[in-house]
Every structure is written in structure tokens, then in C-alpha cells.
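Containing compact mmCIF, C-alpha atoms and all ligand atoms: start_11.txt.
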# COMPACT_ATOMS: atom_id res chain seq x y z
CA MET A 1 14.29 -158.49 12.37
CA ALA A 2 13.06 -161.68 14.07
CA SER A 3 10.30 -161.00 16.56
CA ILE A 4 11.52 -160.08 20.06
CA THR A 5 9.51 -160.47 23.26
CA ALA A 6 10.20 -157.62 25.66
CA HIS A 7 9.04 -156.96 29.23
CA ASP A 8 8.28 -153.67 31.01
CA PHE A 9 8.03 -153.36 34.80
CA ILE A 10 5.15 -150.91 35.17
CA VAL A 11 3.72 -149.24 38.30
CA ASN A 12 0.35 -147.70 39.05
CA ILE A 13 1.05 -143.97 39.05
CA ASN A 14 -1.61 -143.39 41.74
CA ASN A 15 -0.48 -146.29 43.92
CA LEU A 16 3.22 -147.03 43.64
CA GLN A 17 2.75 -150.20 45.74
CA GLU A 18 1.03 -151.83 42.74
CA SER A 19 3.35 -153.10 40.04
CA GLN A 20 3.14 -155.64 37.21
CA VAL A 21 5.15 -156.94 34.30
CA LEU A 22 3.81 -156.18 30.84
CA GLU A 23 4.78 -158.19 27.77
CA LYS A 24 5.45 -156.40 24.50
CA ILE A 25 6.39 -157.89 21.11
CA TYR A 26 8.72 -156.14 18.67
CA SER A 27 7.80 -158.03 15.49
CA ASP A 28 7.85 -155.44 12.71
CA GLU A 29 10.83 -154.14 10.84
CA LEU A 30 12.20 -151.00 12.45
CA SER A 31 11.48 -147.69 10.71
CA PRO A 32 14.39 -145.80 9.14
CA ASN A 33 16.83 -144.50 11.82
CA GLN A 34 15.26 -146.52 14.64
CA VAL A 35 17.49 -148.60 16.94
CA LEU A 36 16.47 -151.34 19.38
CA LEU A 37 18.55 -151.70 22.55
CA ALA A 38 18.51 -154.74 24.86
CA ILE A 39 18.97 -153.42 28.40
CA ASP A 40 21.73 -155.41 30.06
CA LYS A 41 21.50 -153.89 33.54
CA PHE A 42 20.41 -150.83 35.48
CA SER A 43 21.02 -149.54 38.98
CA PHE A 44 18.23 -149.04 41.48
CA THR A 45 18.29 -146.67 44.50
CA SER A 46 15.80 -144.47 46.33
CA ASN A 47 16.42 -141.86 43.64
CA ASN A 48 14.39 -144.06 41.28
CA ILE A 49 11.59 -144.26 43.83
CA THR A 50 11.63 -140.46 43.97
CA TYR A 51 11.25 -140.35 40.16
CA GLY A 52 8.01 -142.26 40.75
CA VAL A 53 6.89 -140.10 43.70
CA VAL A 54 7.24 -136.87 41.68
CA GLY A 55 6.55 -138.53 38.32
CA GLN A 56 3.55 -136.38 37.53
CA GLN A 57 4.87 -132.97 38.70
CA MET A 58 8.32 -133.43 37.19
CA ASN A 59 7.38 -135.28 33.98
CA TYR A 60 9.30 -138.48 34.78
CA TRP A 61 6.42 -140.61 33.43
CA LYS A 62 6.86 -138.99 30.02
CA PHE A 63 10.23 -140.61 29.20
CA PHE A 64 8.92 -144.14 28.73
CA PRO A 65 5.14 -144.01 28.25
CA THR A 66 3.08 -147.15 28.79
CA GLN A 67 -0.59 -148.07 29.26
CA SER A 68 -2.97 -145.50 30.72
CA GLY A 69 -2.78 -145.06 34.53
CA TYR A 70 0.64 -146.73 34.69
CA GLY A 71 4.20 -145.53 34.36
CA ILE A 72 7.69 -146.91 33.91
CA ILE A 73 10.22 -145.58 36.38
CA PRO A 74 13.42 -144.37 34.69
CA THR A 75 16.78 -145.83 35.69
CA TRP A 76 20.44 -145.47 34.68
CA GLY A 77 22.24 -148.39 33.09
CA LEU A 78 23.79 -150.12 30.10
CA ALA A 79 22.30 -151.63 26.96
CA ASN A 80 23.49 -153.30 23.74
CA VAL A 81 22.22 -152.56 20.24
CA VAL A 82 20.36 -155.65 18.95
CA ALA A 83 18.81 -154.14 15.78
CA SER A 84 19.56 -150.94 13.92
CA LYS A 85 18.15 -149.04 10.96
CA HIS A 86 20.49 -146.12 11.64
CA PRO A 87 23.57 -146.00 9.39
CA ASP A 88 25.90 -144.85 12.21
CA VAL A 89 24.68 -147.02 15.08
CA LYS A 90 25.84 -150.63 14.83
CA VAL A 91 24.55 -153.88 16.29
CA GLY A 92 26.77 -154.87 19.24
CA GLN A 93 27.55 -151.32 20.42
CA ARG A 94 27.03 -150.70 24.13
CA TYR A 95 25.46 -147.50 25.48
CA TYR A 96 25.21 -145.99 28.96
CA GLY A 97 22.18 -143.80 29.66
CA TYR A 98 18.62 -143.40 30.88
CA TYR A 99 16.58 -146.60 30.53
CA PRO A 100 13.14 -147.86 31.50
CA MET A 101 12.75 -150.74 33.98
CA SER A 102 12.44 -153.00 30.96
CA THR A 103 14.25 -155.51 28.82
CA HIS A 104 14.31 -153.25 25.73
CA LEU A 105 14.17 -149.65 24.56
CA LEU A 106 13.43 -148.37 21.06
CA VAL A 107 15.26 -145.11 20.27
CA GLU A 108 15.62 -142.70 17.35
CA PRO A 109 19.24 -141.51 17.44
CA ARG A 110 20.17 -137.98 16.33
CA ASN A 111 23.56 -136.20 16.47
CA VAL A 112 25.37 -139.54 16.35
CA SER A 113 29.12 -139.33 16.89
CA SER A 114 31.70 -141.80 18.15
CA ALA A 115 30.94 -140.52 21.66
CA GLY A 116 27.19 -141.26 21.59
CA PHE A 117 23.80 -139.96 20.44
CA VAL A 118 20.66 -138.12 21.53
CA ASP A 119 17.32 -139.98 21.51
CA ASP A 120 15.14 -137.81 19.30
CA ALA A 121 11.89 -139.74 19.87
CA GLU A 122 9.11 -137.16 19.68
CA HIS A 123 7.83 -137.72 23.24
CA ARG A 124 11.29 -136.96 24.67
CA ARG A 125 12.17 -133.76 22.77
CA ALA A 126 10.78 -131.33 25.36
CA LEU A 127 12.35 -133.17 28.33
CA PRO A 128 15.68 -132.06 29.91
CA PRO A 129 18.52 -132.89 27.46
CA ILE A 130 20.72 -134.37 30.22
CA TYR A 131 18.38 -137.42 30.26
CA ASN A 132 18.29 -137.97 26.49
CA TYR A 133 22.00 -138.54 25.81
CA TYR A 134 23.46 -142.05 25.37
CA THR A 135 27.22 -142.60 25.78
CA ASN A 136 29.02 -145.13 23.58
CA THR A 137 31.05 -147.03 26.18
CA GLU A 138 33.70 -148.15 23.62
CA HIS A 139 34.84 -144.55 23.31
CA ASP A 140 34.81 -143.72 27.00
CA PRO A 141 37.77 -145.34 28.76
CA SER A 142 36.16 -144.90 32.18
CA PHE A 143 33.80 -147.83 31.34
CA THR A 144 35.40 -151.16 32.21
CA PRO A 145 33.60 -154.33 33.30
CA SER A 146 34.63 -153.57 36.88
CA THR A 147 33.46 -149.91 36.89
CA GLU A 148 30.16 -150.23 34.97
CA ASP A 149 28.09 -151.04 38.05
CA LEU A 150 29.58 -148.23 40.13
CA ILE A 151 29.05 -145.79 37.26
CA SER A 152 25.39 -146.82 36.90
CA ILE A 153 24.81 -146.43 40.64
CA PHE A 154 26.77 -143.31 41.45
CA ARG A 155 27.27 -141.19 38.34
CA PRO A 156 23.72 -139.78 38.16
CA LEU A 157 23.76 -139.06 41.91
CA PHE A 158 27.33 -137.78 42.07
CA ILE A 159 26.67 -134.93 39.66
CA THR A 160 24.05 -133.52 42.06
CA SER A 161 26.48 -133.75 44.96
CA PHE A 162 29.21 -132.08 42.92
CA LEU A 163 26.85 -129.21 42.09
CA ILE A 164 25.61 -128.73 45.68
CA ASP A 165 29.21 -128.66 46.95
CA ASP A 166 30.01 -126.07 44.27
CA HIS A 167 26.92 -123.99 45.15
CA LEU A 168 27.68 -124.00 48.90
CA ALA A 169 31.32 -123.04 48.35
CA GLU A 170 30.32 -120.20 46.00
CA LYS A 171 27.93 -118.87 48.65
CA GLY A 172 30.56 -119.11 51.42
CA TYR A 173 28.43 -121.77 53.15
CA PHE A 174 25.93 -118.98 53.93
CA GLY A 175 28.18 -118.03 56.87
CA ALA A 176 27.57 -121.39 58.58
CA SER A 177 30.15 -123.53 60.38
CA GLN A 178 27.89 -126.62 60.68
CA LEU A 179 26.63 -128.60 57.70
CA ILE A 180 23.93 -131.18 58.40
CA LEU A 181 23.07 -133.82 55.80
CA THR A 182 19.89 -135.80 56.48
CA SER A 183 19.56 -139.41 55.27
CA ALA A 184 23.33 -139.30 55.56
CA SER A 185 23.64 -142.97 54.57
CA SER A 186 22.06 -142.33 51.14
CA LYS A 187 24.41 -142.52 48.20
CA THR A 188 23.81 -138.93 47.13
CA ALA A 189 24.54 -137.72 50.68
CA GLN A 190 27.68 -139.88 50.82
CA ALA A 191 28.89 -138.35 47.57
CA LEU A 192 28.18 -134.84 48.87
CA ALA A 193 29.92 -135.48 52.21
CA SER A 194 32.93 -136.77 50.29
CA GLN A 195 33.06 -133.59 48.15
CA LEU A 196 32.62 -131.34 51.19
CA ALA A 197 35.32 -133.20 53.14
CA HIS A 198 37.74 -132.94 50.21
CA ARG A 199 37.23 -129.18 49.86
CA LYS A 200 37.37 -128.71 53.63
CA LYS A 201 40.78 -130.41 53.76
CA LYS A 202 42.15 -128.70 50.63
CA SER A 203 41.13 -125.20 51.76
CA ALA A 204 41.45 -125.74 55.54
CA LEU A 205 37.82 -124.67 56.06
CA ASP A 206 36.38 -124.33 59.53
CA LEU A 207 33.35 -126.56 58.91
CA GLU A 208 31.85 -129.53 60.67
CA ILE A 209 30.09 -132.08 58.43
CA VAL A 210 27.37 -133.82 60.42
CA GLY A 211 25.44 -136.85 59.17
CA LEU A 212 21.89 -137.27 60.44
CA THR A 213 20.68 -140.83 59.99
CA SER A 214 18.59 -143.69 61.41
CA GLU A 215 19.81 -145.34 64.59
CA GLN A 216 20.77 -148.53 62.72
CA ASN A 217 22.89 -146.60 60.18
CA VAL A 218 24.94 -144.44 62.60
CA GLU A 219 27.84 -146.90 62.66
CA PHE A 220 27.86 -147.20 58.85
CA VAL A 221 27.86 -143.41 58.40
CA ASN A 222 30.65 -142.90 60.95
CA ALA A 223 32.76 -145.56 59.25
CA LEU A 224 32.54 -143.79 55.87
CA GLY A 225 35.19 -141.32 57.02
CA CYS A 226 33.80 -138.30 55.14
CA TYR A 227 31.50 -137.08 57.94
CA ASP A 228 33.03 -135.51 61.04
CA ARG A 229 30.35 -137.29 63.03
CA ALA A 230 27.04 -139.10 62.64
CA ILE A 231 24.04 -138.70 64.92
CA SER A 232 20.65 -140.37 64.87
CA TYR A 233 17.37 -138.54 64.28
CA ASN A 234 16.60 -139.15 67.97
CA ALA A 235 19.68 -137.14 69.00
CA MET A 236 18.78 -133.95 67.09
CA ARG A 237 18.13 -132.11 70.36
CA GLU A 238 21.84 -132.30 71.17
CA LEU A 239 22.78 -129.89 68.36
CA ASN A 240 24.67 -126.83 69.60
CA THR A 241 22.49 -123.84 68.73
CA ASP A 242 25.27 -121.27 69.22
CA GLU A 243 26.56 -122.09 65.75
CA LYS A 244 25.13 -121.25 62.32
CA TYR A 245 23.83 -124.15 60.22
CA VAL A 246 23.22 -125.23 56.66
CA VAL A 247 20.87 -128.21 56.27
CA ILE A 248 20.95 -130.34 53.13
CA ASP A 249 17.85 -132.46 53.25
CA PHE A 250 17.65 -135.81 51.48
CA THR A 251 14.91 -137.36 53.62
CA GLY A 252 11.93 -135.07 52.95
CA ASN A 253 10.49 -136.29 56.28
CA HIS A 254 8.17 -133.53 57.55
CA ASN A 255 8.84 -134.12 61.24
CA THR A 256 12.62 -134.11 60.77
CA GLN A 257 12.32 -130.78 58.96
CA TYR A 258 10.03 -129.46 61.68
CA GLN A 259 12.39 -130.50 64.47
CA LEU A 260 15.45 -129.09 62.72
CA GLN A 261 13.73 -125.80 61.92
CA THR A 262 12.37 -125.31 65.43
CA ALA A 263 15.63 -126.39 67.15
CA LEU A 264 17.86 -124.21 64.98
CA GLY A 265 15.53 -121.20 64.51
CA ASP A 266 17.48 -118.18 63.18
CA LYS A 267 20.69 -120.20 63.22
CA LEU A 268 19.46 -122.07 60.15
CA ALA A 269 21.13 -119.98 57.44
CA TYR A 270 20.17 -122.14 54.45
CA ASN A 271 17.84 -125.10 54.07
CA CYS A 272 18.57 -126.96 50.84
CA LEU A 273 15.85 -129.45 49.84
CA VAL A 274 17.25 -132.19 47.64
CA GLY A 275 15.56 -135.52 48.28
CA LEU A 276 12.34 -137.23 49.32
CA VAL A 277 13.50 -140.72 50.34
CA ASP A 278 10.96 -140.85 53.18
CA TRP A 279 8.14 -140.27 50.70
CA GLN A 280 5.44 -141.71 52.98
CA ASN A 281 6.10 -138.99 55.60
CA LEU A 282 6.25 -135.83 53.53
CA GLN A 283 3.24 -134.34 55.37
CA GLY A 284 2.81 -133.64 59.08
CA GLU A 285 0.45 -131.88 61.45
CA GLN A 286 2.66 -128.94 62.43
CA PRO A 287 3.14 -126.33 59.71
CA LEU A 288 6.82 -125.73 58.92
CA PRO A 289 8.10 -122.34 60.16
CA LYS A 290 10.26 -121.75 57.07
CA LYS A 291 10.30 -122.92 53.50
CA GLY A 292 13.50 -124.40 52.18
CA GLU A 293 14.91 -123.96 48.71
CA PHE A 294 14.50 -126.87 46.29
CA PHE A 295 17.72 -127.87 44.49
CA PHE A 296 17.16 -129.31 41.02
CA ALA A 297 20.47 -130.53 39.60
CA PRO A 298 19.69 -130.24 35.84
CA THR A 299 18.85 -126.53 36.19
CA TYR A 300 22.03 -125.73 38.17
CA ALA A 301 24.11 -127.85 35.74
CA GLU A 302 22.84 -125.81 32.78
CA LYS A 303 23.85 -122.58 34.57
CA ARG A 304 27.40 -123.86 35.24
CA GLN A 305 27.75 -125.23 31.70
CA LYS A 306 26.99 -121.76 30.35
CA GLU A 307 29.53 -120.16 32.73
CA TRP A 308 32.34 -122.74 32.43
CA GLY A 309 31.62 -124.04 28.91
CA VAL A 310 30.61 -127.66 28.37
CA LYS A 311 34.26 -128.82 28.20
CA GLY A 312 35.29 -126.95 31.33
CA PHE A 313 32.26 -128.34 33.13
CA GLN A 314 33.06 -131.91 32.06
CA GLN A 315 36.71 -131.54 33.11
CA LYS A 316 35.83 -130.35 36.61
CA VAL A 317 33.19 -133.05 37.12
CA GLY A 318 35.56 -135.69 35.69
CA MET A 319 38.37 -134.84 38.11
CA ALA A 320 36.07 -134.85 41.13
CA TRP A 321 34.46 -138.11 39.96
CA GLN A 322 37.84 -139.90 39.71
CA GLN A 323 38.75 -138.87 43.22
CA PHE A 324 35.33 -140.02 44.50
CA MET A 325 35.58 -143.40 42.72
CA ASN A 326 38.90 -144.05 44.45
CA THR A 327 37.33 -143.53 47.86
CA ILE A 328 33.90 -145.17 47.50
CA GLN A 329 34.83 -148.65 46.24
CA SER A 330 35.71 -150.02 49.67
CA SER A 331 32.39 -149.03 51.30
CA ILE A 332 29.98 -150.62 48.81
CA THR A 333 29.07 -154.20 47.92
CA ILE A 334 27.38 -154.71 44.56
CA LYS A 335 24.23 -156.85 44.75
CA GLU A 336 22.82 -158.29 41.53
CA HIS A 337 19.08 -158.92 41.06
CA THR A 338 18.08 -161.04 38.07
CA GLY A 339 14.61 -161.38 36.55
CA PRO A 340 11.19 -159.82 37.20
CA GLN A 341 10.54 -161.54 40.54
CA ALA A 342 13.84 -160.33 42.01
CA LEU A 343 13.09 -156.83 40.71
CA ALA A 344 9.58 -156.88 42.23
CA GLU A 345 11.09 -157.76 45.64
CA LEU A 346 13.81 -155.13 45.41
CA TYR A 347 11.27 -152.51 44.29
CA SER A 348 8.95 -153.30 47.18
CA ASP A 349 11.79 -153.22 49.74
CA MET A 350 13.13 -149.94 48.38
CA LEU A 351 9.65 -148.39 48.28
CA ASN A 352 9.09 -149.31 51.92
CA GLY A 353 12.49 -148.20 53.21
CA LYS A 354 14.01 -151.67 53.72
CA ILE A 355 17.44 -150.69 52.55
CA ASP A 356 20.94 -151.70 53.53
CA PRO A 357 23.11 -148.70 52.64
CA LYS A 358 26.17 -150.96 52.16
CA HIS A 359 24.57 -152.44 49.03
CA GLY A 360 24.66 -151.07 45.52
CA ASN A 361 21.75 -152.73 43.70
CA VAL A 362 22.00 -153.63 40.04
CA VAL A 363 19.12 -155.26 38.13
CA SER A 364 19.03 -157.33 34.98
CA LEU A 365 15.73 -158.34 33.38
CA ASN A 366 17.35 -159.86 30.32
CA LYS A 367 19.31 -162.73 31.90
N1 LIG B 1 17.23 -132.77 43.48
C1 LIG B 1 18.03 -133.49 42.70
O1 LIG B 1 18.44 -133.02 41.66
C2 LIG B 1 18.44 -134.88 43.13
C3 LIG B 1 19.48 -135.55 42.47
C4 LIG B 1 19.91 -136.81 42.95
C5 LIG B 1 19.27 -137.39 44.04
N2 LIG B 1 18.23 -136.71 44.63
C6 LIG B 1 17.48 -137.31 45.74
O2 LIG B 1 18.30 -137.69 46.82
C7 LIG B 1 17.65 -138.75 47.54
C8 LIG B 1 18.64 -139.84 47.84
O3 LIG B 1 18.71 -140.76 46.77
P1 LIG B 1 19.74 -142.00 46.77
O4 LIG B 1 19.48 -142.75 45.52
O5 LIG B 1 21.10 -141.48 47.05
O6 LIG B 1 19.20 -142.84 48.02
P2 LIG B 1 19.68 -144.23 48.65
O7 LIG B 1 21.15 -144.36 48.59
O8 LIG B 1 18.87 -145.34 48.11
O9 LIG B 1 19.24 -143.92 50.16
C9 LIG B 1 19.08 -144.90 51.10
C10 LIG B 1 18.89 -144.24 52.45
O10 LIG B 1 17.79 -143.32 52.45
C11 LIG B 1 17.01 -143.45 53.66
N3 LIG B 1 15.72 -144.00 53.23
C12 LIG B 1 15.48 -144.61 52.07
N4 LIG B 1 14.20 -144.93 51.93
C13 LIG B 1 13.58 -144.56 53.04
C14 LIG B 1 12.24 -144.62 53.47
N5 LIG B 1 11.28 -145.15 52.70
N6 LIG B 1 11.96 -144.14 54.68
C15 LIG B 1 12.93 -143.60 55.43
N7 LIG B 1 14.23 -143.48 55.05
C16 LIG B 1 14.56 -143.96 53.85
C17 LIG B 1 17.84 -144.31 54.58
O11 LIG B 1 18.84 -143.41 55.10
P3 LIG B 1 18.97 -142.86 56.61
O12 LIG B 1 18.79 -144.05 57.49
O13 LIG B 1 20.36 -142.31 56.61
O14 LIG B 1 17.91 -141.82 56.77
C18 LIG B 1 18.54 -145.23 53.56
O15 LIG B 1 19.72 -145.83 54.07
C19 LIG B 1 16.47 -139.20 46.67
O16 LIG B 1 15.24 -138.65 47.13
C20 LIG B 1 16.84 -138.63 45.32
O17 LIG B 1 15.75 -138.43 44.45
C21 LIG B 1 17.80 -135.49 44.20

Output the file's structure in the form of C-alpha cells.
Ligand SMILES: NC(=O)c1ccc[n+]([C@@H]2O[C@H](COP(=O)([O-])OP(=O)(O)OC[C@H]3O[C@@H](n4cnc5c(N)ncnc54)[C@H](OP(=O)(O)O)[C@@H]3O)[C@@H](O)[C@H]2O)c1
Amino acid sequence: MASITAHDFIVNINNLQESQVLEKIYSDELSPNQVLLAIDKFSFTSNNITYGVVGQQMNYWKFFPTQSGYGIIPTWGLANVVASKHPDVKVGQRYYGYYPMSTHLLVEPRNVSSAGFVDDAEHRRALPPIYNYYTNTEHDPSFTPSTEDLISIFRPLFITSFLIDDHLAEKGYFGASQLILTSASSKTAQALASQLAHRKKKSALDLEIVGLTSEQNVEFVNALGCYDRAISYNAMRELNTDEKYVVIDFTGNHNTQYQLQTALGDKLAYNCLVGLVDWQNLQGEQPLPKKGEFFFAPTYAEKRQKEWGVKGFQQKVGMAWQQFMNTIQSSITIKEHTGPQALAELYSDMLNGKIDPKHGNVVSLNK
């Protein structure tokens, strides 16, 4: 193999505001069974920032280790095989999966089939299997040049939304008639609102789906069509406290939680904690009256896979995904970011909440 110069975008794990690009040379022959992938593109949303925020507690820094004190934030995207010492993985094949913010990734495929493989690199073996699987796009007809970006952006988020919708339906919405989604303009919240709206229509459920969002995003959230209405954080006091509520929290903002909990009191039947987009405001002066329940998608997915079987699970998710793809395409504009400087700017904007929810951001470090 000719020597290859690769780049990693690394961040200080104790100060996410500090980032740098690290050069790495792949000059040696690969070891038996190793495969080198050139990362063509990856999506970037607040979910990736959250991987960094909880990197230590939730082991996200362990997927793609780098120099001491720094980490590489994981992303979802597509890569092409550029060198292979594995008999069943060929140069030129294209794989969708979990990638570092880098130009390249070295993997050690196991369980290779026409559908894909598992990265069996030692440092990944104890990590949740859902993150270690790479899909061969040639054998998955849902990957086309026009869907790849949407898949990279939404597929990892959609699965969480599918599972929360399933969980709420199974629990009879905890007896609530009002469902409030905070950071309603986020992509995961959009996907959840779409699932909830679909089920509401199909089963004629007496539910109101309310999007709580920043003042500047109210119009965007209303226009999505999956929320019954959008209100700004400043209008929380207007909520009708005669009804029972479920809150699904994507913001993590302490004061928003405090205000919701104190306004709704006993009418808050279930408080589902999903996201931490507002990571700089997770703490506040007033102690929260109630704890919520953290929702971790991989754990709930494993439970449903056992109950429905892996095939049954995939079929249900696949059907819901198709229906979601048909609705979301008109409300998103793909924005491409090429090279380390463009990535550094996007990363800084995303970290500091400068986000236009209309955009779906896709990054390429290799072009
Ligand atoms: N638990 C799980 O298993 C799981 C799975 C998937 C996703 N999640 C979490 O769900 C959250 C949403 O992720 P996403 O990728 O869908 O987000 P996204 O689309 O990038 O969200 C963008 C929106 O989030 C809000 N926001 C973003 N950054 C902010 C900041 N710094 N300060 C204040 N508001 C900010 C704004 O919404 P508003 O103006 O509407 O507030 C913004 O329009 C993430 O925390 C992610 O990790 C959790």
C-alpha cells in the first residue's frame, strides 16, 4: 500500500471549544484482515455535540481513540474501501456506518456478508453493537446518490424517535392528552412529531402534539405540519394545566425543565429525557422538583429486538422510515461543508447553538 496521509479532527475532552486537526500517516502494509476506509462524507447535528458532552460517561471517546486528553467525536456517514487485507472486503466497496471526524478509518471486519460487517477492533468489542456494524450500500437498495445524505442525517436519529413513539403508545401516553416536545425544531424531535402525528391520525387518538422552541424557530416548527402547534419558551406560562402532560425533552436546559415541572406540577405524567442540545445550560440554581427518566435508544432497541425478533424489528422500522422519508424531503436543504476549515466553523457554530434547523449539514474532509 502506498503511504496515505490522513487527518483527524480532534477536540479537547475537557474543553470542547478547543479543536485541532491532527495528521496521521498510514505507511505500513495492513495486517491480515485489516481494511482501510476513506471517509467520503458524514452528517453533523447537535447529536454529535452531545456525543462529545457525554463522551466520558457514555464511552463515546472509546470508539476512535486519539492522543491523550483529546477525543474524536463519532459521526454517521459513508466511506469507500481504499485498501484491504480481508478476503471478503474489496477495494471500491462503499459502507454506511459510524465514523470518526476524519479522512480515514482502519477497521478489522468480522462476520462479513454481502450485507456488511462488524468492526472487531479490540477497543470496540465492549461497546454497543449497534455502533459497530457497517452496511454495504451496494446490497441495500435504499442507498441512492440522492438519499445518502438524508440517510446519514436522519437514520441514526429516526430510530430513537421510532422507539419513543412505540414506548409512549405502549404505555397509553401515561394517560396524557398533551405531548410537549422541547427543542421541537431539532431533527430528532421532528422525526418523533412525525411518528406521533401518523399514529394519532391512524388510530384517531385524542392527543395534542405541542412543539416548544426558540422564538425564531416557531414559524419553522409550525410549517412542518406534524405539530398541532408550536409555542416559544417564553410562552410556556400559557399551557392549560387542566390537562395531563407528557414532556419529551431534547433541550436539557435546566430552566426550561424547572419551568415546565413547576407549571405542570402533578399534571406532568411522564418526563422523558432524551437530549442535551443546550449543553451549556444543564445546571441551574433552583433544584428540580422531579427527576425525569432518561431514554437511551440502544437499550430500548435491544429490548424490542428480543420481543419482535431482529427481522420483525427491521421490518417495522423500515416501513416507518419510508413514510418519514417521503414527508421530510421538502423541509430540509442539504448544506455541504468541505475541508477542515469549513468543518471547524460548522463545529463551532453547532457547539454554540448557531443553527438553522432548515439545514442538513454534511461534511467531507477528503475532497
Ligand atoms: N437518548 C438518545 O438515545 C438520543 C438519540 C438521538 C438523539 N438524541 C439527542 O437529541 C438531541 C437532538 O439532536 P439533533 O441532532 O436532532 O439536533 P439538531 O437537529 O441539531 O437540533 C437543532 C436544534 O436544537 C436546539 N439547539 C441546538 N443547539 C443548541 C444550543 N447550543 N443551545 C440552545 N438550543 C440549541 C435548537 O432548537 P430549538 O430552537 O427548537 O430549541 C436547534 O434548532 C441531541 O441532544 C441528541 O443527542 C438522543

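Nearest to ligand LIG 1 (chain B) of all the residues A:Val317, A:Leu37, A:Ala193, A:Val89 is A:Ala193, based on only C-alpha atoms and all ligand atoms.
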
Within 7 Å of ligand LIG 1 (chain B), counting all atoms listed in the file, residues as a PDB file with C-alpha atoms, in the frame of the given file:
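Below is the file that was written, pocket-v2.pdb:
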ATOM      1  CA  THR A  45      18.290-146.670  44.500  1.00  0.00           C
ATOM      2  CA  SER A  46      15.800-144.470  46.330  1.00  0.00           C
ATOM      3  CA  ASN A  47      16.420-141.860  43.640  1.00  0.00           C
ATOM      4  CA  ASN A  48      14.390-144.060  41.280  1.00  0.00           C
ATOM      5  CA  THR A  50      11.630-140.460  43.970  1.00  0.00           C
ATOM      6  CA  TYR A  51      11.250-140.350  40.160  1.00  0.00           C
ATOM      7  CA  PRO A 156      23.720-139.780  38.160  1.00  0.00           C
ATOM      8  CA  LEU A 157      23.760-139.060  41.910  1.00  0.00           C
ATOM      9  CA  THR A 160      24.050-133.520  42.060  1.00  0.00           C
ATOM     10  CA  THR A 182      19.890-135.800  56.480  1.00  0.00           C
ATOM     11  CA  SER A 183      19.560-139.410  55.270  1.00  0.00           C
ATOM     12  CA  ALA A 184      23.330-139.300  55.560  1.00  0.00           C
ATOM     13  CA  SER A 185      23.640-142.970  54.570  1.00  0.00           C
ATOM     14  CA  SER A 186      22.060-142.330  51.140  1.00  0.00           C
ATOM     15  CA  LYS A 187      24.410-142.520  48.200  1.00  0.00           C
ATOM     16  CA  THR A 188      23.810-138.930  47.130  1.00  0.00           C
ATOM     17  CA  ALA A 189      24.540-137.720  50.680  1.00  0.00           C
ATOM     18  CA  LEU A 212      21.890-137.270  60.440  1.00  0.00           C
ATOM     19  CA  THR A 213      20.680-140.830  59.990  1.00  0.00           C
ATOM     20  CA  SER A 214      18.590-143.690  61.410  1.00  0.00           C
ATOM     21  CA  ASN A 217      22.890-146.600  60.180  1.00  0.00           C
ATOM     22  CA  PHE A 250      17.650-135.810  51.480  1.00  0.00           C
ATOM     23  CA  THR A 251      14.910-137.360  53.620  1.00  0.00           C
ATOM     24  CA  VAL A 274      17.250-132.190  47.640  1.00  0.00           C
ATOM     25  CA  GLY A 275      15.560-135.520  48.280  1.00  0.00           C
ATOM     26  CA  LEU A 276      12.340-137.230  49.320  1.00  0.00           C
ATOM     27  CA  VAL A 277      13.500-140.720  50.340  1.00  0.00           C
ATOM     28  CA  ASP A 278      10.960-140.850  53.180  1.00  0.00           C
ATOM     29  CA  TRP A 279       8.140-140.270  50.700  1.00  0.00           C
ATOM     30  CA  GLN A 280       5.440-141.710  52.980  1.00  0.00           C
ATOM     31  CA  PHE A 295      17.720-127.870  44.490  1.00  0.00           C
ATOM     32  CA  PHE A 296      17.160-129.310  41.020  1.00  0.00           C
ATOM     33  CA  ALA A 297      20.470-130.530  39.600  1.00  0.00           C
ATOM     34  CA  PRO A 298      19.690-130.240  35.840  1.00  0.00           C
ATOM     35  CA  MET A 350      13.130-149.940  48.380  1.00  0.00           C
ATOM     36  CA  LEU A 351       9.650-148.390  48.280  1.00  0.00           C
ATOM     37  CA  ASN A 352       9.090-149.310  51.920  1.00  0.00           C
ATOM     38  CA  GLY A 353      12.490-148.200  53.210  1.00  0.00           C
ATOM     39  CA  LYS A 354      14.010-151.670  53.720  1.00  0.00           C
ATOM     40  CA  ILE A 355      17.440-150.690  52.550  1.00  0.00           C
ATOM     41  CA  ASP A 356      20.940-151.700  53.530  1.00  0.00           C
ATOM     42  CA  PRO A 357      23.110-148.700  52.640  1.00  0.00           C
TER      43      PRO A 357
END

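Distance annotation: of A:Pro289, A:Gly55, A:Gly309, A:Pro65, the residue with the minimal separation from His123 of chain A is A:Pro65; atom set is only C-alpha atoms.
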
Hey, what's within 8 Å of Lys41 of chain A if we count only C-alpha atoms and toss same-chain stuff fewer than 6 positions away? As a PyMOL selection string, please? chain A and resi 77-79+362-366

Which of these, A:Phe9, A:Leu288, A:Asn59, A:Glu345, has the shortest distance to Pro128 of chain A once you count all atoms listed in the file?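 When distances to Pro128 of chain A are compared using all atoms listed in the file, the smallest one comes from A:Asn59.
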
As JSON, what would the box around segment 212-222 of chain A look like: edges along x, y and z, 6 Å added on every side, centre and edge lengths in Å to one decimal?
{"center_x": 24.6, "center_y": -142.9, "center_z": 61.5, "size_x": 24.1, "size_y": 23.3, "size_z": 18.2}

Taking only C-alpha atoms into account, which of A:Glu108, A:Glu215, A:Asp165, A:Asp149 comes nearest Thr333 of chain A? A:Asp149

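With only C-alpha atoms taken into account, the protein and nucleic acid residues at most 6 Å from Ala230 of chain A (excluding it and anything under 3 positions from it in its own chain) are Val210, Gly211, Leu212, Val218 and Asn222 of chain A.
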
Nearest to Thr103 of chain A by atom-to-atom distance, counting only C-alpha atoms, from A:Val53, A:Leu36, A:Val91, A:Leu127: A:Leu36

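Nearest-residue note for Leu196 of chain A: choosing from A:Lys303, A:Trp308, A:Phe324, A:Lys291, the minimum distance belongs to A:Phe324, counting all atoms listed in the file.
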